[in-house]
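Report on the structure given below.
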Amino acid sequence: MTGGDLMIEPMGAATFVAVLGCTSLLAFAARWFRPGPELPTLEGWALADRRFGTATVWFLLGGTIYTAYTFAALPGLVYGTGSLGFFALPYTVIVYPLAFVLLPKLWTEARRGGHITVADYVRDRHGSPGLALVVAITGVLATMPYIALQLLGIRAVLAAGGLYPRGAAGDLALIGVFAFLAFATYRHGLRAPAIISLAKGTAIFGSVLAVTAVVLHRLGGPGPMFDGAERELAAHGAPGASLTLGPGMFTVYATLALGSAMALLMYPHVLTAAFSARSPDTLRRASIGLPAWTGVLGLFALLGVAALAAGVRAPPGAAEAAVPLLVRELMPAALTGLVFGALAVGALVPAAIMSIAVATLFVRNIYAPYFHPASTPRHQMRIARLVSLVAKVGAIVFVFGLRDQDAINLQLLGGVWILQTFPAVAIGLYSRRLHPRALLTGWAAGMVTGTVLVVRSGFSSVAPIGVGGWEVNAYTALIALAANLLVVAALTPVLDRLGVPRGTGPRPRTVPPPLGGRTETIA
């Protein structure tokens, strides 16, 4: 079973178009979804006036965390390497207790200070404009390749399903999908991806359950499926690939899971979705329900095993196409269109929120304080809308102008970089003992260490580290974070002893509270 030029059947294409069409209609209805005050503000555009209830936040966070590329790349990793690909399951299990603890407290601090971005909070918490600036710049740099990956996810899914014509026609279709996203986000801000996330969650849950049931039936159940997959890995997989994790991979598996969980909650798009909740309790209730998304992710990982067992032959260097190829070959046409439509919609939600987060960070923490200090909230919103469009156009240029691997490499670097903001954001949430200048120096040390390790290893996510005379492989981002924390811990007492001022103190509120109406509606 290979990824040739077979086109999807008309019924599948019709179902795919129907899914995208219904999603488009939902996006046009975003203006009536949890409407806020008539006076437009940046807070209303970027955070929907913090009005979302538990159900909406659950769909929005799940739709933000689980991207279309995740649903294609994770089973592709299982397809190519075996058991290592399952690290994403403990990673998401770890992240939700962290979310339950961190996000409500961050929300409280942000709401109390009128903060729209995480860099706003860092500036107020540590009294350090420089630290807030590097947090904002890191967030922008780490998120931009992530937006491009959503385009790559859509393209991989559509190409495998025979829905992506070669040449200019396919590129124009992809640009058209993203243009619709750009328009909806420009007009309605966070409300557009919020309402699309309802469709994404319903389509993803329904399609993966149906596909898993059909695949297990066709392959004779879990036992024969895993046996067949093990044989295929031994015959055609990468050297050392197996469905059983070897002892040499234990530290890689554990550090990937832990480091990825810590990094995820630092991404601006995740915090933007969290800040849109109507209360801390809303976030807690939503966090309790988020492991249901882990179950869906586990089923997608299982489909990577199924693709091996079914003898799928993904094109070289395109393992993420394995599951779309499996679906195209084994599923009824209508269900195939539903799955591809769900995955395409799955890219729209995180891409929209990422562009909003990037735009808001740029305007609030780079443009306004350093280029236009007298800008009004209305002016900031207008600039943020334009920047969100620029971010999407930049992602399109990146995808068509560079190799796919370049986007993947930069996204890998983004994960390393964003984790270096953890001390200032997460640790600073519970303690003011760390000196802001030490945090800034530690951030620089972590950024340099992580970048050098990733580039020197040929853009691998793991690097060797010596521990007690032993050399083990570990996630590069965690190694860089360790260097970051060592610098912070060493410098803080030195700077305090030298009497170096800690900061300028909290800044005055610049964002008014939401105007008019109650904010306690629940989805």
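Chain lettering (A, B, ...) mirrors the order of the structure tokens, residue numbering begins at 1 for each chain separately, and ligand numbering begins at 1 in order of display.
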Discussion item. Need the shell around Glu320 in chain A: protein/DNA/RNA residues with any atom at most 9 Å away, counting only C-alpha atoms. Skip same-chain ones fewer than 2 positions apart. Format as a count of residues only?
Written reply: 18
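Comparing the minimum interatomic distances between Arg328 in chain A and each of A:Arg111, A:Gly246, A:Val215, A:Ser461, counting only C-alpha atoms, we find that A:Val215 sits nearest.
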Shell around range 297-308 of chain A at 9 Å using only C-alpha atoms, local window under 6 positions removed, as JSON, numbers by chain: {"A": [66, 70, 71, 72, 74, 75, 76, 77, 78, 79, 80, 82, 85, 86, 88, 89, 208, 209, 211, 212, 215, 216, 219, 222, 225, 226, 228, 229, 230, 231, 232, 233, 243, 322, 323, 325, 326, 327]}
Find the residues around Lys200 in chain A up to 6 Å (only C-alpha atoms counted), leave out those fewer than 4 positions away in its own chain, and share them as an NGL selection string. :A and (204 or 345-346)
Could you take the residues named above and write them with N, CA and C atoms, as a tab-separated table (two decimals), in the first residue's frame?
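File produced: result_2.tsv:
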```
chain	number	residue	atom	x	y	z
A	204	ILE	N	-13.14	15.56	15.28
A	204	ILE	CA	-11.97	14.74	15.63
A	204	ILE	C	-12.38	13.54	16.47
A	345	VAL	N	-9.65	21.09	9.54
A	345	VAL	CA	-10.20	22.03	10.52
A	345	VAL	C	-9.30	22.07	11.76
A	346	GLY	N	-8.70	20.92	12.08
A	346	GLY	CA	-7.81	20.86	13.23
A	346	GLY	C	-6.63	21.79	13.13
```
Neighbouring residues of range 354-359 of chain A were defined as those with any atom within 7 Å, considering only C-alpha atoms; residues of the same chain fewer than 3 positions away were excluded. Please report them as a PDB file with C-alpha atoms, in the first residue's frame.
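The resulting file, selection_32.pdb, is shown below:
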```
ATOM      1  CA  ALA A  46      -7.525  38.862  21.725  1.00  0.00           C
ATOM      2  CA  VAL A 140       7.033  35.333  18.869  1.00  0.00           C
ATOM      3  CA  THR A 143       5.332  30.463  17.693  1.00  0.00           C
ATOM      4  CA  ILE A 147       1.951  28.472  12.445  1.00  0.00           C
ATOM      5  CA  PRO A 268       1.689  32.234  24.053  1.00  0.00           C
ATOM      6  CA  HIS A 269      -1.203  30.589  22.213  1.00  0.00           C
ATOM      7  CA  THR A 272      -4.047  33.244  25.301  1.00  0.00           C
ATOM      8  CA  PRO A 350      -4.320  26.539  16.627  1.00  0.00           C
ATOM      9  CA  ALA A 351      -3.097  28.571  13.646  1.00  0.00           C
ATOM     10  CA  PHE A 362       4.159  42.187  19.437  1.00  0.00           C
ATOM     11  CA  VAL A 363       1.764  45.088  19.936  1.00  0.00           C
ATOM     12  CA  ALA A 384      -2.718  43.716  16.236  1.00  0.00           C
ATOM     13  CA  VAL A 387       0.103  41.888  12.524  1.00  0.00           C
ATOM     14  CA  SER A 388      -2.071  38.772  12.731  1.00  0.00           C
ATOM     15  CA  ALA A 391       1.959  36.400  10.679  1.00  0.00           C
ATOM     16  CA  LYS A 392      -0.220  34.222   8.448  1.00  0.00           C
TER      17      LYS A 392
END
```
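Nearest to Ala445 in chain A of all the residues A:Gln420, A:Thr54, A:Ser260, A:Thr476 is A:Gln420, counting only C-alpha atoms.
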### Query
Could you pull the residues within 12 Å of Ala444 in chain A, counting only C-alpha atoms, minus those fewer than 5 positions along the same chain, as a VMD selection string?
chain A and resid 130 to 131 134 to 135 138 417 to 421 437 to 439 449 to 451 480 to 481 483 to 485 487 to 488
List every residue of range 360-493 of chain A that DSSP, applied to the backbone of this structure, assigns to helix (DSSP H, G or I), and report them as a VMD selection string. chain A and resid 360 to 370 377 to 401 404 to 419 422 to 430 436 to 456 476 to 493
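Each of A:Ile154, A:Thr41, A:Asn409, A:Val270 was checked against Ile383 in chain A using only C-alpha atoms; the smallest atom-to-atom distance is that of A:Thr41.
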